[in-house]
Structure formats: C-alpha cells, structure tokens
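Enquirer: Handing over entry04.tsv, TSV, C-alpha atoms and all ligand atoms.
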chain	number	residue	atom	x	y	z
A	865	MET	CA	58.34	-5.68	158.64
A	866	ILE	CA	57.32	-4.32	155.26
A	867	VAL	CA	54.15	-2.55	154.10
A	868	THR	CA	53.88	-2.03	150.33
A	869	ILE	CA	51.63	0.54	148.65
A	870	ASP	CA	51.42	0.27	144.88
A	871	GLY	CA	49.20	1.85	142.25
A	872	PRO	CA	49.17	4.44	139.47
A	873	ALA	CA	49.94	8.15	139.93
A	874	GLY	CA	47.29	10.34	141.50
A	875	THR	CA	45.90	7.75	143.89
A	876	GLY	CA	47.45	9.44	146.93
A	877	LYS	CA	50.14	6.78	147.41
A	878	SER	CA	53.04	9.04	148.38
A	879	THR	CA	51.15	11.16	150.89
A	880	VAL	CA	49.44	8.18	152.44
A	881	ALA	CA	52.62	6.07	152.55
A	882	LYS	CA	54.51	8.88	154.26
A	883	CYS	CA	51.73	9.40	156.79
A	884	LEU	CA	51.43	5.67	157.49
A	885	ALA	CA	55.20	5.35	157.97
A	886	GLU	CA	55.09	8.14	160.56
A	887	ARG	CA	52.19	6.56	162.40
A	888	LEU	CA	53.85	3.13	162.48
A	889	GLY	CA	57.32	4.52	163.25
A	890	PHE	CA	58.66	2.93	160.06
A	891	GLU	CA	60.98	4.30	157.37
A	892	PHE	CA	59.31	5.62	154.20
A	893	LEU	CA	60.65	4.76	150.76
A	894	ASN	CA	59.47	6.64	147.65
A	895	THR	CA	60.67	4.44	144.81
A	896	GLY	CA	59.15	6.64	142.06
A	897	ALA	CA	61.59	9.34	143.12
A	898	MET	CA	64.47	6.94	142.41
A	899	TYR	CA	63.29	6.36	138.81
A	900	ARG	CA	62.76	10.10	138.47
A	901	ALA	CA	66.33	10.74	139.66
A	902	VAL	CA	67.71	8.45	136.94
A	903	ALA	CA	65.54	10.14	134.28
A	904	TYR	CA	66.62	13.57	135.51
A	905	ALA	CA	70.32	12.63	135.37
A	906	CYS	CA	69.91	11.32	131.81
A	907	LEU	CA	68.08	14.48	130.69
A	908	GLN	CA	70.84	16.60	132.24
A	909	ARG	CA	73.33	14.71	130.09
A	910	GLU	CA	71.05	15.13	127.03
A	911	LEU	CA	70.99	11.37	126.50
A	912	ASN	CA	68.61	9.60	124.17
A	913	LEU	CA	66.46	7.83	126.78
A	914	THR	CA	65.77	4.89	124.48
A	915	ASP	CA	69.51	4.16	124.32
A	916	GLU	CA	69.30	1.47	127.02
A	917	ALA	CA	73.04	0.87	127.38
A	918	SER	CA	73.86	4.57	127.94
A	919	VAL	CA	70.99	4.99	130.41
A	920	GLU	CA	72.20	1.90	132.27
A	921	GLU	CA	75.70	3.36	132.40
A	922	VAL	CA	74.44	6.63	133.88
A	923	ALA	CA	72.26	4.81	136.43
A	924	LYS	CA	75.21	2.70	137.57
A	925	GLY	CA	77.27	5.78	138.33
A	926	LEU	CA	74.60	7.59	140.36
A	927	GLN	CA	74.62	8.06	144.10
A	928	ILE	CA	70.99	8.34	145.23
A	929	VAL	CA	70.51	9.25	148.90
A	930	PHE	CA	67.31	10.11	150.83
A	931	SER	CA	67.95	12.54	153.65
A	932	GLU	CA	65.15	14.03	155.76
A	933	SER	CA	62.54	13.84	153.00
A	934	ARG	CA	64.96	15.28	150.43
A	935	LEU	CA	66.53	13.37	147.56
A	936	LEU	CA	70.22	13.97	146.98
A	937	LEU	CA	71.83	13.02	143.71
A	938	GLY	CA	75.60	12.97	144.04
A	939	GLY	CA	75.15	15.34	147.00
A	940	ALA	CA	72.92	17.86	145.14
A	941	ASP	CA	69.31	18.35	146.30
A	942	VAL	CA	67.09	17.43	143.31
A	943	THR	CA	63.82	16.94	145.24
A	944	ASP	CA	61.97	19.63	143.28
A	945	ALA	CA	63.86	19.24	140.00
A	946	ILE	CA	62.65	15.63	139.58
A	947	ARG	CA	58.98	16.72	139.78
A	948	THR	CA	58.85	18.85	136.61
A	949	GLN	CA	56.58	17.95	133.71
A	950	THR	CA	59.63	17.15	131.55
A	951	VAL	CA	60.87	14.53	133.99
A	952	THR	CA	57.32	13.18	134.51
A	953	ARG	CA	56.94	12.68	130.76
A	954	SER	CA	60.34	11.01	130.36
A	955	VAL	CA	60.48	8.72	133.37
A	956	PRO	CA	58.34	5.80	132.03
A	957	ILE	CA	60.96	5.17	129.33
A	958	VAL	CA	63.71	4.93	131.93
A	959	ALA	CA	61.49	2.85	134.22
A	960	ALA	CA	61.02	0.31	131.41
A	961	ASN	CA	64.78	-0.24	131.17
A	962	PRO	CA	65.43	-3.70	132.73
A	963	ALA	CA	69.00	-2.86	133.83
A	964	VAL	CA	67.83	0.29	135.61
A	965	ARG	CA	65.08	-1.68	137.34
A	966	ARG	CA	67.51	-4.41	138.45
A	967	GLN	CA	69.78	-1.82	139.97
A	968	LEU	CA	67.07	0.17	141.78
A	969	VAL	CA	65.31	-2.98	143.00
A	970	GLN	CA	68.56	-4.15	144.53
A	971	LEU	CA	68.93	-0.83	146.38
A	972	GLN	CA	65.31	-0.99	147.59
A	973	GLN	CA	65.78	-4.55	148.88
A	974	ILE	CA	68.89	-3.49	150.80
A	975	VAL	CA	66.86	-0.76	152.56
A	976	GLY	CA	64.12	-3.32	153.31
A	977	ARG	CA	66.60	-5.72	154.90
A	978	THR	CA	67.81	-3.16	157.40
A	979	SER	CA	64.63	-1.32	158.43
A	980	ASN	CA	60.91	-1.55	158.96
A	981	LEU	CA	59.50	0.04	155.87
A	982	VAL	CA	56.44	1.55	154.23
A	983	THR	CA	57.41	1.56	150.57
A	984	GLU	CA	55.44	2.90	147.63
A	985	GLY	CA	55.72	2.41	143.89
A	986	ARG	CA	54.41	0.12	141.17
A	987	ASP	CA	56.14	-3.21	141.84
A	988	GLN	CA	56.80	-3.20	145.57
A	989	GLY	CA	54.27	-5.91	146.45
A	990	THR	CA	54.86	-7.98	143.31
A	991	ASP	CA	58.59	-8.10	142.55
A	992	VAL	CA	60.56	-6.19	145.16
A	993	PHE	CA	58.98	-7.42	148.40
A	994	PRO	CA	56.80	-10.42	147.47
A	995	ASN	CA	56.87	-11.58	151.11
A	996	ALA	CA	55.80	-8.24	152.60
A	997	GLU	CA	53.54	-8.64	155.64
A	998	CYS	CA	50.97	-6.15	154.35
A	999	LYS	CA	50.22	-5.05	150.77
A	1000	PHE	CA	47.93	-2.37	149.39
A	1001	PHE	CA	47.06	-1.39	145.82
A	1002	LEU	CA	45.44	2.03	145.51
A	1003	THR	CA	43.22	3.05	142.60
A	1004	ALA	CA	41.05	6.06	141.70
A	1005	SER	CA	39.07	7.08	138.62
A	1006	PRO	CA	41.23	8.57	135.80
A	1007	ARG	CA	39.42	11.93	136.05
A	1008	GLU	CA	39.92	12.20	139.80
A	1009	ARG	CA	43.61	11.29	139.47
A	1010	ALA	CA	44.09	13.96	136.80
A	1011	ARG	CA	42.20	16.48	138.94
A	1012	ARG	CA	44.55	15.80	141.87
A	1013	ARG	CA	47.59	16.24	139.62
A	1014	GLN	CA	46.12	19.49	138.30
A	1015	LEU	CA	45.76	20.79	141.87
A	1016	GLU	CA	49.32	19.74	142.72
A	1017	LEU	CA	50.69	21.57	139.66
A	1018	LYS	CA	48.55	24.63	140.40
A	1019	GLY	CA	50.16	24.72	143.84
A	1020	LYS	CA	53.50	25.08	142.05
A	1021	GLY	CA	52.18	27.81	139.75
A	1022	GLU	CA	51.74	25.54	136.70
A	1023	ILE	CA	48.36	25.76	134.99
A	1024	VAL	CA	47.60	22.70	132.84
A	1025	SER	CA	44.20	21.72	131.42
A	1026	LEU	CA	42.46	18.62	132.72
A	1027	GLU	CA	42.22	17.22	129.18
A	1028	ASP	CA	46.00	17.52	128.68
A	1029	LEU	CA	46.65	15.86	132.01
A	1030	LEU	CA	44.21	13.06	131.25
A	1031	GLU	CA	45.98	12.41	127.96
A	1032	GLN	CA	49.46	12.42	129.56
A	1033	GLN	CA	48.21	10.17	132.34
A	1034	GLN	CA	46.72	7.69	129.89
A	1035	ARG	CA	49.99	7.52	127.97
A	1036	ARG	CA	51.98	7.00	131.16
A	1037	ASP	CA	49.60	4.31	132.47
A	1038	ARG	CA	49.81	2.50	129.15
A	1039	LEU	CA	53.61	2.49	129.27
A	1040	ASP	CA	53.73	1.43	132.94
A	1041	GLU	CA	51.14	-1.33	132.47
A	1042	SER	CA	52.49	-2.75	129.22
A	1043	ARG	CA	56.25	-2.84	129.83
A	1044	ALA	CA	57.77	-6.31	129.76
A	1045	CYS	CA	59.66	-5.85	133.01
A	1046	SER	CA	57.55	-5.53	136.21
A	1047	PRO	CA	54.42	-4.01	134.68
A	1048	LEU	CA	52.09	-2.09	136.96
A	1049	GLN	CA	49.65	-4.63	138.42
A	1050	PRO	CA	48.34	-5.52	141.87
A	1051	ALA	CA	49.95	-8.39	143.76
A	1052	SER	CA	47.49	-11.28	144.08
A	1053	ASP	CA	47.51	-10.84	147.87
A	1054	ALA	CA	47.24	-7.02	147.88
A	1055	LEU	CA	44.19	-5.26	149.30
A	1056	LEU	CA	42.64	-3.01	146.62
A	1057	VAL	CA	41.51	0.40	147.89
A	1058	ASP	CA	39.54	2.75	145.61
A	1059	THR	CA	40.38	6.27	146.83
A	1060	THR	CA	38.14	8.18	144.37
A	1061	GLU	CA	35.64	9.24	147.00
A	1062	MET	CA	38.03	9.34	149.96
A	1063	SER	CA	40.10	12.16	151.46
A	1064	LEU	CA	43.78	11.45	152.07
A	1065	ASP	CA	43.04	11.41	155.80
A	1066	GLU	CA	40.37	8.78	155.32
A	1067	VAL	CA	42.71	6.63	153.23
A	1068	SER	CA	45.51	6.94	155.82
A	1069	ASN	CA	43.16	6.00	158.67
A	1070	HIS	CA	41.80	3.03	156.74
A	1071	LEU	CA	45.27	1.72	155.87
A	1072	GLU	CA	46.56	2.28	159.40
A	1073	ILE	CA	43.86	0.09	160.92
A	1074	ILE	CA	44.47	-2.71	158.42
A	1075	ALA	CA	48.28	-2.50	158.61
A	1076	LYS	CA	48.33	-2.56	162.42
A	1077	ARG	CA	46.12	-5.62	162.37
A	1078	ALA	CA	48.29	-7.38	159.76
A	1079	LEU	CA	51.49	-6.51	161.63
A	1080	ASN	CA	50.08	-7.32	165.07
A	1081	LEU	CA	50.81	-3.80	166.30
A	1082	GLY	CA	47.57	-3.27	168.23
A	1083	THR	CA	44.64	-1.16	167.07
A	1084	ALA	CA	44.86	2.41	165.75
B	1	LIG	O1	55.17	7.51	141.41
B	1	LIG	P1	55.87	8.42	140.40
B	1	LIG	O2	54.93	9.15	139.49
B	1	LIG	O3	56.86	9.32	141.05
B	1	LIG	O4	56.70	7.41	139.47
B	1	LIG	C1	57.51	7.87	138.43
B	1	LIG	C2	57.61	6.83	137.34
B	1	LIG	O5	58.38	5.71	137.78
B	1	LIG	C3	56.30	6.26	136.80
B	1	LIG	O6	56.35	6.26	135.38
B	1	LIG	C4	56.26	4.85	137.27
B	1	LIG	C5	57.69	4.49	137.54
B	1	LIG	N1	57.87	3.64	138.71
B	1	LIG	C6	58.11	2.32	138.49
B	1	LIG	O7	58.12	1.87	137.36
B	1	LIG	N2	58.33	1.50	139.56
B	1	LIG	C7	58.30	1.97	140.81
B	1	LIG	N3	58.54	1.14	141.83
B	1	LIG	C8	58.05	3.34	141.04
B	1	LIG	C9	57.81	4.16	139.95
Kindly return the structure encoded in the file as structure tokens.

Expert:
Amino acid sequence: MIVTIDGPAGTGKSTVAKCLAERLGFEFLNTGAMYRAVAYACLQRELNLTDEASVEEVAKGLQIVFSESRLLLGGADVTDAIRTQTVTRSVPIVAANPAVRRQLVQLQQIVGRTSNLVTEGRDQGTDVFPNAECKFFLTASPRERARRRQLELKGKGEIVSLEDLLEQQQRRDRLDESRACSPLQPASDALLVDTTEMSLDEVSNHLEIIAKRALNLGTA
C-alpha cells in the first residue's frame, strides 16, 4: 500500500509524512533528500550543474542509502550537509535533469514494490506511484511557507530575512513548476490540503483519518 504526499517546500510534508508513516507502521521515503544528495555530490565535485551529461554520470555512480532516518552517500552520513542553503539553491537544476529523475524514480519504485510506504516529494502521486491507494497534495500561503523555513534555519543558527526567503522560494517554485520533466502539480485524484492555518499535529491527524479510511485500516 502506498500513500503519497506531494507539494512545494514549507507545507510540512516531510514532518507529516514521517509522522503518518509511524502511525500506520509504514516505511517513510523522503525523495527530496535523494535529489539533494545528487546535487550535493555534484557540488563536491565542483561540476557545472547545467552540464546534464556530467551530472547524469555522477548520479549513476552514487550509492544512496537511508538508514534510521539518516542519509548515507557512499557510506558517509550527509543528512545535515544536504540541507544547507547552497544545496537548497542548486537542487532544482539537478531535479530538472531527466536522466537523474529516471534513475531516482526507478529507485523509488523499487522501494515501493517491497514495502508499505508513505512517500513525499513533488511527483509521487503523478509519475512515480500513479496507482497509489491514497494521495495528498499539501499547500500553504507563500508567506507562511517562508516563515516556516525561516524558523527552521533559525533553529540551525542561520538568520535569513523573510524577504530573501520569499524570493528564493519563488524562484525554486518557478523552476519546479515549469520544468519539462515531471513538473510540480497535484495528481487529479489527490486530496488538496491547505496547511496555512493548521499546526503540524492537526495536519497529521487529518491525514491519518483519511489515509486509514482509504486503506481500510480502521479509524484513527
Ligand atoms: O522537498 P525538498 O525541498 O527537500 O526537495 C528538494 C528539491 O528536489 C526541490 O527543488 C524539489 C525537488 N524534488 C523533485 O523534483 N521531486 C521530488 N520527488 C522531490 C523533490
């Protein structure tokens, strides 16, 4: 059984998907982290990210493993390193590379074949798992999403203005929504949830009730 949670950054996807996976006893897959790992590896090699063939080559050679909520790249723990502003700014270019997407989608589908999954990203309900039993698409107002990102960065000791974050976010959304390959958009059968006025707990509870109903797992 597969539950997909798609939507732009700052809508609470990762936290909610992780929480829902725990409550359902499913595996959790953070597909954004996979694209971040590829971007990080390319930056480490000082590659020009628009050089699609070189980026593809690097992606092919990577060993991406999730282990107890950590992401290992060729055995090295890069969980925190893939969350820097530099990686965040670079990753949409890598995520628009069709060869990289083909490769990561294949990996994601292998995981989905062997386990019950709550998976989050941008294309999980549209391209990766079109037959998923339950699909969500989370949204929130741009200002609220930027505010959440600001809080997250503050927690890591990074102070960034809301205006800067709004601008970065707009640029990233534009790239994610306009790329030719799997642009960010809701699946036609996804349930849209606006999280602007909701706490993460409220979103998790809401999704749990709907997912359990869709998956015939009894009520929450
Ligand atoms: O969710 P995130 O911010 O960690 O995602 C990082 C980038 O990867 C973002 O630019 C969108 C892209 N992405 C994607 O294109 N497809 C996915 N399934 C997941 C993320």

Enquirer: Compare A:Pro1006, A:Gly876, A:Gly889, A:Gly1019 by their minimum atom-to-atom distance to Ser1068 in chain A, counting all atoms listed in the file, and give me the closest one.

Expert: A:Gly876

Enquirer: Out of A:Cys906, A:Cys1045, A:Ala963, A:Leu1015, which residue has the shortest atom-to-atom distance to ligand LIG 1 (chain B) when counting all atoms listed in the file?

Expert: A:Cys1045

Enquirer: Counting only C-alpha atoms, which residue out of A:Pro1047, A:Leu907, A:Val922, A:Cys998 sits closest to Asn980 in chain A?

Expert: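 Checking each of A:Pro1047, A:Leu907, A:Val922, A:Cys998 against Asn980 in chain A, counting only C-alpha atoms, the winner is A:Cys998.
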
Enquirer: Neighbours of Glu1072 in chain A within 9 Å (only C-alpha atoms; same-chain residues fewer than 3 positions away dropped), as a list of chain:residue names?

Expert: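 What passes the distance filter is A:Leu884, A:Arg887, A:Leu888, A:Val1067, A:Ser1068, A:Asn1069, A:Ala1075, A:Lys1076, A:Arg1077, A:Thr1083, A:Ala1084.
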
Enquirer: Point out the residue among A:Ile974, A:Val951, A:Ala873, A:Leu1079 with the least atom-to-atom distance to ligand LIG 1 (chain B), counting all atoms listed in the file.

Expert: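 For ligand LIG 1 (chain B), the nearest of the given residues is A:Ala873.
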
Enquirer: Distance cut-off 10 Å, centre (70.3, 14.6, 146.0) in file coordinates, counting all atoms listed in the file: which residues qualify? Return them as a list in words.

Expert: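 Residues with an atom at most 10 Å from (70.3, 14.6, 146.0): Ala901, Leu926, Gln927, Ile928, Val929, Phe930, Ser931, Arg934, Leu935, Leu936, Leu937, Gly938, Gly939, Ala940, Asp941, Val942, Thr943 and Ala945 of chain A.
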
Enquirer: So which residues touch Ala1010 in chain A within 10 Å, counting only C-alpha atoms, skipping near sequence neighbours fewer than 2 positions away, as a list in words?

Expert: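 Near neighbours after the sequence-gap exclusion: Ala873, Gly874, Thr875, Ala1004, Ser1005, Pro1006, Arg1007, Glu1008, Arg1012, Arg1013, Gln1014, Leu1015, Glu1016, Ser1025, Leu1026, Glu1027, Asp1028, Leu1029, Leu1030, Glu1031, Gln1032, Gln1033 and Gln1034 of chain A.
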